[in-house]
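Colleague: Contents of data-v2.txt (compact mmCIF, C-alpha atoms) are below:
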```txt
# COMPACT_ATOMS: atom_id res chain seq x y z
CA GLY J 27 51.40 38.55 -29.45
CA HIS J 28 50.18 36.72 -26.38
CA TYR J 29 53.10 34.29 -26.35
CA GLY J 30 55.61 37.16 -26.47
CA ARG J 31 53.81 38.86 -23.59
CA ALA J 32 53.96 35.65 -21.56
CA TRP J 33 57.75 35.62 -22.06
CA THR J 34 57.92 39.22 -20.82
CA VAL J 35 55.89 38.26 -17.75
CA LEU J 36 58.27 35.37 -17.05
CA GLN J 37 61.19 37.80 -17.26
CA ASP J 38 59.36 40.06 -14.78
CA VAL J 39 58.84 37.06 -12.48
CA THR J 40 62.53 36.17 -12.65
CA THR J 41 63.57 39.77 -11.99
CA ARG J 42 61.23 40.07 -9.01
CA ARG J 43 62.35 36.73 -7.57
CA ASN J 44 65.96 37.87 -7.69
CA ALA J 45 65.23 41.25 -6.11
CA PRO J 46 66.17 41.55 -2.40
CA ASP J 47 62.89 43.30 -1.52
CA ASP J 48 60.64 40.85 -3.38
CA ASP J 49 57.13 41.79 -2.24
CA LEU J 50 55.54 38.76 -3.90
CA GLY J 51 57.51 36.27 -1.86
CA SER J 52 60.42 34.11 -2.86
CA HIS J 53 58.20 31.19 -3.77
CA THR J 54 55.25 32.79 -5.54
CA SER J 55 54.57 35.19 -8.36
CA VAL J 56 51.07 36.07 -9.45
CA VAL J 57 50.04 36.50 -13.07
CA VAL J 58 46.64 37.83 -14.13
CA VAL J 59 45.32 36.39 -17.40
CA PRO J 60 42.21 38.25 -18.61
CA ARG J 61 39.78 36.28 -20.73
CA GLY J 62 40.87 36.90 -24.32
CA GLY J 63 43.73 39.09 -23.09
CA VAL J 64 47.43 38.87 -22.39
CA PRO J 65 49.13 37.68 -19.18
CA THR J 66 50.30 40.54 -16.93
CA MET J 67 51.80 40.99 -13.49
CA PRO J 68 49.32 42.64 -11.09
CA VAL J 69 49.88 46.30 -10.33
CA ALA J 70 49.58 45.76 -6.58
CA ARG J 71 50.34 42.80 -4.33
CA TYR J 72 47.69 40.12 -4.77
CA PRO J 73 46.47 38.60 -1.45
CA LEU J 74 47.42 34.92 -1.28
CA GLY J 75 45.28 34.04 1.72
CA ALA J 76 41.71 34.33 2.87
CA THR J 77 40.71 37.66 4.41
CA ARG J 78 37.75 38.86 6.42
CA ASP J 79 36.12 40.13 3.20
CA CYS J 80 37.17 37.44 0.75
CA ASP J 81 37.71 33.70 0.80
CA LEU J 82 40.19 32.04 -1.51
CA LEU J 83 39.81 28.85 -3.55
CA VAL J 84 43.09 27.46 -4.86
CA PHE J 85 43.03 25.00 -7.74
CA ALA J 86 46.44 23.33 -7.82
CA GLY J 87 47.34 21.57 -11.05
CA SER J 88 49.69 21.22 -13.98
CA PHE J 89 47.09 22.57 -16.45
CA ASN J 90 48.72 20.76 -19.38
CA PRO J 91 46.68 22.00 -21.08
CA VAL J 92 44.13 23.98 -19.13
CA HIS J 93 40.68 22.99 -20.37
CA ARG J 94 37.06 23.86 -19.79
CA GLY J 95 36.74 21.05 -17.22
CA HIS J 96 39.30 22.82 -15.00
CA ILE J 97 37.35 26.08 -15.13
CA LEU J 98 33.98 24.37 -14.55
CA LEU J 99 35.36 22.33 -11.62
CA ALA J 100 36.76 25.48 -9.98
CA ASP J 101 33.44 27.29 -10.55
CA ALA J 102 31.42 24.37 -9.12
CA ALA J 103 33.72 24.16 -6.07
CA ARG J 104 33.38 27.92 -5.53
CA ARG J 105 29.57 27.69 -5.65
CA LYS J 106 29.63 24.76 -3.21
CA VAL J 107 31.77 26.36 -0.48
CA GLN J 108 31.18 30.11 -0.92
CA GLN J 109 29.44 31.74 2.02
CA PRO J 110 26.41 33.87 1.13
CA GLY J 111 27.33 37.54 0.80
CA LYS J 112 31.10 36.89 0.85
CA ARG J 113 33.34 37.13 -2.18
CA MET J 114 35.47 34.13 -3.14
CA ASP J 115 38.40 34.46 -5.51
CA ILE J 116 39.77 31.53 -7.50
CA VAL J 117 43.53 31.20 -7.94
CA TYR J 118 45.00 28.56 -10.23
CA GLU J 119 48.27 27.41 -8.70
CA LEU J 120 50.84 26.18 -11.20
CA SER J 121 53.85 24.74 -9.43
CA ILE J 122 57.02 25.01 -11.45
CA VAL J 123 58.43 22.23 -9.25
CA ASN J 124 56.20 19.16 -9.00
CA ALA J 125 56.61 16.24 -6.58
CA ASP J 126 56.00 13.66 -9.33
CA LYS J 127 57.24 15.36 -12.50
CA PRO J 128 60.35 17.20 -13.75
CA PRO J 129 60.48 21.01 -13.24
CA LEU J 130 58.72 23.07 -15.91
CA GLU J 131 60.75 24.85 -18.57
CA SER J 132 60.09 28.54 -19.33
CA ALA J 133 58.48 27.71 -22.69
CA ASP J 134 56.02 25.34 -20.99
CA ILE J 135 55.09 27.95 -18.40
CA ALA J 136 54.57 30.65 -21.05
CA SER J 137 52.41 28.31 -23.13
CA ARG J 138 50.24 27.37 -20.15
CA LEU J 139 49.77 31.03 -19.17
CA VAL J 140 48.69 31.93 -22.71
CA ASN J 141 46.21 29.03 -22.75
CA PHE J 142 44.40 30.56 -19.75
CA ALA J 143 43.37 33.49 -22.01
CA ASN J 144 41.19 31.29 -24.27
CA GLU J 145 37.70 32.81 -24.03
CA GLN J 146 35.98 29.49 -24.75
CA LEU J 147 37.23 28.16 -21.40
CA TYR J 148 34.99 30.57 -19.53
CA GLU J 149 31.68 30.17 -21.42
CA SER J 150 28.72 29.93 -19.04
CA THR J 151 30.82 31.09 -16.07
CA GLU J 152 31.13 34.49 -14.42
CA ALA J 153 34.93 34.39 -14.68
CA ALA J 154 36.61 37.37 -16.28
CA GLY J 155 39.78 35.34 -16.72
CA ALA J 156 42.23 33.67 -14.38
CA VAL J 157 44.63 34.54 -11.63
CA VAL J 158 47.57 32.13 -11.84
CA ALA J 159 50.05 31.77 -9.00
CA LEU J 160 53.40 30.40 -10.14
CA THR J 161 54.96 28.62 -7.17
CA SER J 162 57.87 26.35 -6.41
CA GLU J 163 55.95 24.39 -3.79
CA PRO J 164 55.51 20.73 -4.81
CA LEU J 165 53.82 19.49 -1.61
CA PHE J 166 50.32 20.32 -0.38
CA THR J 167 51.52 20.85 3.19
CA ARG J 168 53.68 23.70 1.86
CA LYS J 169 50.91 24.98 -0.44
CA ALA J 170 48.57 25.20 2.57
CA ALA J 171 51.13 27.39 4.37
CA LEU J 172 51.56 29.53 1.25
CA PHE J 173 47.79 30.15 0.93
CA PRO J 174 46.59 30.47 4.56
CA GLY J 175 42.89 29.86 5.14
CA ALA J 176 42.27 28.88 1.52
CA TRP J 177 40.04 26.11 0.24
CA PHE J 178 41.75 23.71 -2.16
CA VAL J 179 40.35 21.88 -5.16
CA VAL J 180 42.25 19.36 -7.28
CA GLY J 181 41.56 17.45 -10.45
CA ILE J 182 41.22 13.69 -10.61
CA ASP J 183 44.89 13.08 -11.58
CA THR J 184 46.13 14.95 -8.52
CA ALA J 185 43.49 13.39 -6.27
CA LEU J 186 44.58 9.89 -7.32
CA ARG J 187 48.26 10.74 -6.67
CA LEU J 188 47.41 12.12 -3.22
CA LEU J 189 45.49 8.97 -2.29
CA ASP J 190 48.15 6.63 -3.63
```
As a first step, turn the structure in this file into structure tokens.
Modeller:
Amino acid sequence: GHYGRAWTVLQDVTTRRNAPDDDLGSHTSVVVVPRGGVPTMPVARYPLGATRDCDLLVFAGSFNPVHRGHILLADAARRKVQQPGKRMDIVYELSIVNADKPPLESADIASRLVNFANEQLYESTEAAGAVVALTSEPLFTRKAALFPGAWFVVGIDTALRLLD
């Protein structure tokens, strides 16, 4: 099922991270989670920064669990900052290493990836699912370097920690 597929994806991530010619970078692996589908690794390299044709909105969070509020906040932020006539992709960044919490275990990561497939999350949005970037970057200064030119959105828990 979906959970088994998430485990397979995590094995793919581990294999790619250990490969000498890792084309996804040593700190990031991208997982595509179609609405109602199963998590998969993208066929081609997924751009992790803004380009001339497409802006990028990165929602960094723990997503424990991901809920409709996360999806609606990302959608509202996209509508607020998107330039007319220019595409804007949303990437949900799930850091395996967090500045304020212990590192995530494989079972937690798999569970969170599977949760992104829940179709009810995306009701009344245009989203066809989620692109989730698994990173090992706990600090926003490092996240900004990892996603050059991207806009960032955070939930209230993260915003309060950043201001503290």
Colleague: CA of Leu82 (chain J) to CA of Pro128 (chain J): how many Å, to one decimal?
Modeller: 27.9 Å
Colleague: Have a look at CA of Lys169 (chain J) and CA of Gly63 (chain J) and let me know their distance in Å, one decimal.
Modeller: 27.6 Å
Colleague: Take CA of Gly111 (chain J) and CA of Gly87 (chain J) and report the distance between them in Å, one decimal.
Modeller: 28.2 Å
Colleague: Could you check which of J:Glu149, J:Leu98, J:Asp81, J:Leu120 is closest to Ala136 (chain J), using all atoms listed in the file?
Modeller: J:Leu120
Colleague: As a ChimeraX atom specification, please: the residues near region 170-184 of chain J (cut-off 6 Å, all atoms listed in the file, same-chain neighbours under 3 positions excluded).
Modeller: /J:74-76,82-86,166-167,187
Colleague: Give me the residues near Val158 (chain J) as a ChimeraX atom specification, where near means some atom within 6 Å (using all atoms listed in the file) and where sequence neighbours in that chain fewer than 6 positions away do not count.
Modeller: /J:56-57,117-119
Colleague: Tell me which protein, DNA and RNA residues are within 9 Å of region 92-94 of chain J, counting only C-alpha atoms, leaving out same-chain ones fewer than 2 positions away, and put them as a ChimeraX atom specification.
Modeller: /J:88-90,96-99,138,141-142,146-149
Colleague: Let me make sure I understand: among J:Thr66, J:Glu145, J:Ser121, J:Gly155, which one has the smallest atom-to-atom distance to Arg168 (chain J) if we use only C-alpha atoms?
Modeller: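 Ranking J:Thr66, J:Glu145, J:Ser121, J:Gly155 by distance to Arg168 (chain J), first place goes to J:Ser121.
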Colleague: Using all atoms listed in the file for the distances, tell me which of J:Ala185, J:Val107, J:Met114, J:Met67 is nearest to Leu160 (chain J).
Modeller: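 Closest candidate: J:Met67.
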Colleague: Any chance you could work out the axis-aligned box around region 94-100 of chain J, listed atoms only, 4 Å on each side, giving centre and edge lengths in Å to one decimal, as AutoDock Vina command-line options?
Modeller:
```
--center_x 36.6 --center_y 23.6 --center_z -14.9 --size_x 13.3 --size_y 13.0 --size_z 17.8
```
Colleague: With distances taken over all atoms listed in the file, which of J:Ala156, J:Leu189, J:Ala100, J:Thr54 is nearest to Leu139 (chain J)?
Modeller: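 When distances to Leu139 (chain J) are compared using all atoms listed in the file, the smallest one comes from J:Ala156.
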Colleague: Here is a test: counting only C-alpha atoms, which residue of J:Pro110, J:Pro65, J:Pro164, J:Pro60 is nearest to Val140 (chain J)?
Modeller: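 Going through J:Pro110, J:Pro65, J:Pro164, J:Pro60 one by one, the smallest distance to Val140 (chain J) is for J:Pro65.
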Colleague: Here is a test: counting only C-alpha atoms, which residue of J:Ala153, J:Gly95, J:Arg104, J:Gln109 is nearest to Val59 (chain J)?
Modeller: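 Closest to Val59 (chain J) of all the choices is J:Ala153.
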